[in-house]
$ cat entry_33.tsv   # TSV, C-alpha atoms
chain	number	residue	atom	x	y	z
Y	1439	MET	CA	121.87	104.49	144.27
Y	1440	LYS	CA	120.10	104.36	140.90
Y	1441	VAL	CA	116.32	104.15	141.03
Y	1442	ILE	CA	113.48	104.12	138.52
Y	1443	PHE	CA	110.64	106.49	139.39
Y	1444	LEU	CA	107.22	104.85	139.35
Y	1445	GLN	CA	105.39	108.19	139.19
Y	1446	ASP	CA	106.18	111.84	138.54
Y	1447	MET	CA	107.95	113.46	141.47
Y	1448	GLU	CA	108.26	117.22	141.55
Y	1449	ASN	CA	111.90	118.41	141.51
Y	1450	LEU	CA	113.16	114.80	141.32
Y	1451	GLY	CA	112.10	113.06	138.13
Y	1452	LYS	CA	109.34	111.86	135.86
Y	1453	LYS	CA	107.69	108.46	135.70
Y	1454	HIS	CA	109.98	105.75	134.22
Y	1455	GLU	CA	113.05	108.00	134.54
Y	1456	VAL	CA	116.26	106.48	135.90
Y	1457	LYS	CA	118.10	108.78	138.33
Y	1458	GLU	CA	120.83	108.66	140.90
Y	1459	VAL	CA	119.58	109.52	144.44
Y	1460	LYS	CA	121.10	109.27	147.89
Y	1461	ASP	CA	121.06	105.73	149.31
Y	1462	GLY	CA	119.22	106.63	152.51
Y	1463	TYR	CA	116.55	108.62	150.66
Y	1464	ALA	CA	115.89	105.71	148.32
Y	1465	ARG	CA	115.87	103.03	151.06
Y	1466	ASN	CA	113.91	104.97	153.67
Y	1467	PHE	CA	111.46	106.98	151.59
Y	1468	LEU	CA	111.17	106.29	147.86
Y	1469	ILE	CA	111.19	102.48	147.82
Y	1470	PRO	CA	108.95	101.85	150.91
Y	1471	LYS	CA	106.33	104.33	149.61
Y	1472	LYS	CA	106.46	102.66	146.17
Y	1473	LEU	CA	107.50	105.92	144.51
Y	1474	ALA	CA	110.59	104.28	142.98
Y	1475	LYS	CA	112.28	100.92	142.62
Y	1476	LEU	CA	115.86	99.81	142.34
Y	1477	ALA	CA	117.28	100.24	138.83
Y	1478	THR	CA	118.48	96.75	137.91
Y	1479	LYS	CA	119.24	95.82	134.27
Y	1480	GLU	CA	116.01	93.81	134.04
Y	1481	ALA	CA	113.94	96.62	135.57
Y	1482	VAL	CA	115.41	99.17	133.16
Y	1483	LYS	CA	114.59	96.92	130.16
Y	1484	LEU	CA	111.05	96.43	131.46
Y	1485	VAL	CA	110.60	100.19	131.90
Y	1486	GLU	CA	111.80	100.83	128.34
Y	1487	LYS	CA	109.16	98.39	127.03
Y	1488	GLN	CA	106.48	100.08	129.16
Y	1489	LYS	CA	107.52	103.47	127.77
Y	1490	GLU	CA	107.14	102.17	124.21
Y	1491	VAL	CA	103.69	100.74	124.96
Y	1492	GLU	CA	102.56	104.01	126.57
Y	1493	THR	CA	103.91	106.03	123.64
Y	1494	GLN	CA	101.98	103.84	121.20
Y	1495	LYS	CA	98.80	104.24	123.29
Y	1496	VAL	CA	99.20	108.03	123.31
Y	1497	GLU	CA	99.76	108.07	119.54
Y	1498	GLN	CA	96.65	105.94	118.92
Y	1499	GLU	CA	94.61	108.15	121.25
Y	1500	LEU	CA	95.87	111.25	119.45
Y	1501	LYS	CA	94.88	109.79	116.05
Y	1502	LYS	CA	91.42	108.95	117.38
Y	1503	ILE	CA	90.95	112.46	118.79
Y	1504	GLN	CA	92.21	114.03	115.54
Y	1505	GLN	CA	89.70	111.97	113.58
Y	1506	VAL	CA	86.78	113.04	115.81
Y	1507	ALA	CA	87.94	116.66	115.73
Y	1508	SER	CA	88.10	116.67	111.93
Y	1509	GLN	CA	84.61	115.13	111.73
Y	1510	ILE	CA	83.15	117.73	114.10
Y	1511	ASP	CA	84.99	120.75	112.66
Y	1512	GLY	CA	82.59	122.83	110.59
Y	1513	LEU	CA	79.54	120.83	111.66
Y	1514	GLU	CA	76.25	122.77	111.70
Y	1515	MET	CA	73.68	121.98	114.39
Y	1516	VAL	CA	70.17	123.36	114.41
Y	1517	ILE	CA	68.53	123.71	117.81
Y	1518	SER	CA	64.85	124.65	117.81
Y	1519	VAL	CA	63.47	126.33	120.93
Y	1520	LYS	CA	60.25	127.97	122.03
Y	1521	VAL	CA	60.24	131.71	121.51
Y	1522	GLY	CA	58.13	134.47	123.05
Y	1523	GLU	CA	56.24	137.21	121.22
Y	1524	GLU	CA	59.28	139.51	121.14
Y	1525	LYS	CA	61.58	136.72	119.85
Y	1526	GLN	CA	63.14	136.09	123.27
Y	1527	LEU	CA	64.05	132.49	124.06
Y	1528	PHE	CA	62.18	130.65	126.82
Y	1529	GLU	CA	65.37	128.76	127.64
Y	1530	SER	CA	69.09	129.48	127.37
Y	1531	ILE	CA	71.26	127.30	125.19
Y	1532	THR	CA	74.02	126.01	127.46
Y	1533	GLU	CA	76.99	123.65	127.10
Y	1534	GLN	CA	74.70	120.83	128.30
Y	1535	LYS	CA	72.19	121.44	125.50
Y	1536	ILE	CA	74.94	121.56	122.84
Y	1537	SER	CA	76.52	118.40	124.29
Y	1538	GLU	CA	73.19	116.56	124.09
Y	1539	LYS	CA	72.71	117.69	120.49
Y	1540	LEU	CA	76.21	116.43	119.60
Y	1541	LYS	CA	75.40	113.08	121.27
Y	1542	GLU	CA	72.32	112.81	119.05
Y	1543	SER	CA	74.68	113.25	116.07
Y	1544	GLY	CA	76.88	110.42	117.37
Y	1545	PHE	CA	79.69	112.39	119.04
Y	1546	GLU	CA	80.56	111.81	122.71
Y	1547	ILE	CA	81.49	115.34	123.79
Y	1548	LYS	CA	81.37	116.35	127.45
Y	1549	LYS	CA	79.97	119.74	128.35
Y	1550	ALA	CA	83.34	120.73	129.88
Y	1551	GLN	CA	84.89	120.46	126.40
Y	1552	ILE	CA	82.52	123.06	124.96
Y	1553	GLY	CA	83.90	126.60	124.99
Y	1554	LEU	CA	80.82	128.72	125.46
Y	1555	GLU	CA	81.59	132.01	127.22
Y	1556	GLU	CA	77.98	132.54	128.26
Y	1557	PRO	CA	74.68	130.81	127.49
Y	1558	ILE	CA	73.07	131.71	124.17
Y	1559	LYS	CA	69.89	133.73	124.75
Y	1560	GLU	CA	68.82	134.79	121.24
Y	1561	LEU	CA	68.04	133.43	117.80
Y	1562	GLY	CA	70.78	133.26	115.19
Y	1563	GLU	CA	74.03	131.55	114.27
Y	1564	PHE	CA	76.87	131.14	116.74
Y	1565	SER	CA	80.37	129.73	116.48
Y	1566	VAL	CA	81.28	127.40	119.35
Y	1567	LYS	CA	84.72	125.90	120.03
Y	1568	ILE	CA	85.10	122.29	121.14
Y	1569	ARG	CA	88.33	121.56	123.03
Y	1570	PHE	CA	89.97	118.14	122.96
Y	1571	GLU	CA	92.97	116.64	124.72
Y	1572	HIS	CA	96.41	117.26	123.20
Y	1573	ASN	CA	95.44	120.93	122.59
Y	1574	LEU	CA	93.20	120.12	119.63
Y	1575	GLU	CA	90.17	122.27	118.86
Y	1576	ALA	CA	87.23	122.12	116.48
Y	1577	GLU	CA	84.58	124.69	115.72
Y	1578	VAL	CA	80.88	123.97	115.25
Y	1579	ARG	CA	78.15	126.28	114.06
Y	1580	VAL	CA	75.11	126.35	116.31
Y	1581	ILE	CA	71.97	127.69	114.65
Y	1582	ILE	CA	69.16	128.64	117.03
Y	1583	THR	CA	65.75	128.64	115.36
Y	1584	GLU	CA	62.17	129.14	116.50
Y	1585	LYS	CA	60.24	125.96	117.21
Y	1586	LYS	CA	57.11	126.02	115.09
Y	1587	SER	CA	53.93	125.63	117.14
Y	1588	GLU	CA	51.42	123.11	115.89
$ encode --input "entry_33.tsv" --output "structure tokens"
Amino acid sequence: MKVIFLQDMENLGKKHEVKEVKDGYARNFLIPKKLAKLATKEAVKLVEKQKEVETQKVEQELKKIQQVASQIDGLEMVISVKVGEEKQLFESITEQKISEKLKESGFEIKKAQIGLEEPIKELGEFSVKIRFEHNLEAEVRVIITEKKSE
């Protein structure tokens, strides 16, 4: 019996794939659990259209991510923090802090996307990688400076 998978199934098939499976398996397991449906001519045509729509969505999403990545790549951010007498920072610069600074610049970057091995605990310039979906990366320069007391 030919079925169309409605979701990815390990060792069986991917979503929207048409495959031949045993009749009993399809009737008793796949179809009742809504994991697959019968592969009629109309259903196959509908699935092909859905595949095209999903491909277009993925392409548009990829273009959007590429645009954001190119805008962020090479960006310099200055973060001013309070510093002690021996130039030690009173606070560590974490992914959260960098994410907030990027939001102020108009970029919606989650802290999970920021590749910081460990929090920054000293003054200076640091290179930080930003990871995006589709294996895209951008690099920003974070400059930690002393906040001037008034």
$ closest_residue --input "entry_33.tsv" --among "Y:Ile1536, Y:Ile1503, Y:Leu1444, Y:Val1516" --to "Lys1489 in chain Y" --atoms "all atoms listed in the file"
Y:Leu1444
$ residues_near_point --input "entry_33.tsv" --point "(114.9, 100.6, 143.8)" --cutoff "10 Å" --atoms "only C-alpha atoms" --output "PDB file with C-alpha atoms, in the frame of the given file"
ATOM      1  CA  MET Y1439     121.870 104.490 144.270  1.00  0.00           C
ATOM      2  CA  LYS Y1440     120.100 104.360 140.900  1.00  0.00           C
ATOM      3  CA  VAL Y1441     116.320 104.150 141.030  1.00  0.00           C
ATOM      4  CA  ILE Y1442     113.480 104.120 138.520  1.00  0.00           C
ATOM      5  CA  PHE Y1443     110.640 106.490 139.390  1.00  0.00           C
ATOM      6  CA  LEU Y1444     107.220 104.850 139.350  1.00  0.00           C
ATOM      7  CA  VAL Y1456     116.260 106.480 135.900  1.00  0.00           C
ATOM      8  CA  ASP Y1461     121.060 105.730 149.310  1.00  0.00           C
ATOM      9  CA  ALA Y1464     115.890 105.710 148.320  1.00  0.00           C
ATOM     10  CA  ARG Y1465     115.870 103.030 151.060  1.00  0.00           C
ATOM     11  CA  LEU Y1468     111.170 106.290 147.860  1.00  0.00           C
ATOM     12  CA  ILE Y1469     111.190 102.480 147.820  1.00  0.00           C
ATOM     13  CA  PRO Y1470     108.950 101.850 150.910  1.00  0.00           C
ATOM     14  CA  LYS Y1472     106.460 102.660 146.170  1.00  0.00           C
ATOM     15  CA  LEU Y1473     107.500 105.920 144.510  1.00  0.00           C
ATOM     16  CA  ALA Y1474     110.590 104.280 142.980  1.00  0.00           C
ATOM     17  CA  LYS Y1475     112.280 100.920 142.620  1.00  0.00           C
ATOM     18  CA  LEU Y1476     115.860  99.810 142.340  1.00  0.00           C
ATOM     19  CA  ALA Y1477     117.280 100.240 138.830  1.00  0.00           C
ATOM     20  CA  THR Y1478     118.480  96.750 137.910  1.00  0.00           C
ATOM     21  CA  ALA Y1481     113.940  96.620 135.570  1.00  0.00           C
TER      22      ALA Y1481
END
$ atom_distance --input "entry_33.tsv" --atom1 "CA of Leu1500 in chain Y" --atom2 "CA of Lys1535 in chain Y"
26.5 Å
$ residues_near_point --input "entry_33.tsv" --point "(75.9, 121.6, 130.5)" --cutoff "12 Å" --atoms "all atoms listed in the file" --output "PyMOL selection string"
chain Y and resi 1530-1539+1547-1554+1556-1557
$ atom_distance --input "entry_33.tsv" --atom1 "CA of Ser1508 in chain Y" --atom2 "CA of Gly1562 in chain Y"
24.2 Å
$ atom_distance --input "entry_33.tsv" --atom1 "CA of Lys1501 in chain Y" --atom2 "CA of Met1515 in chain Y"
24.5 Å
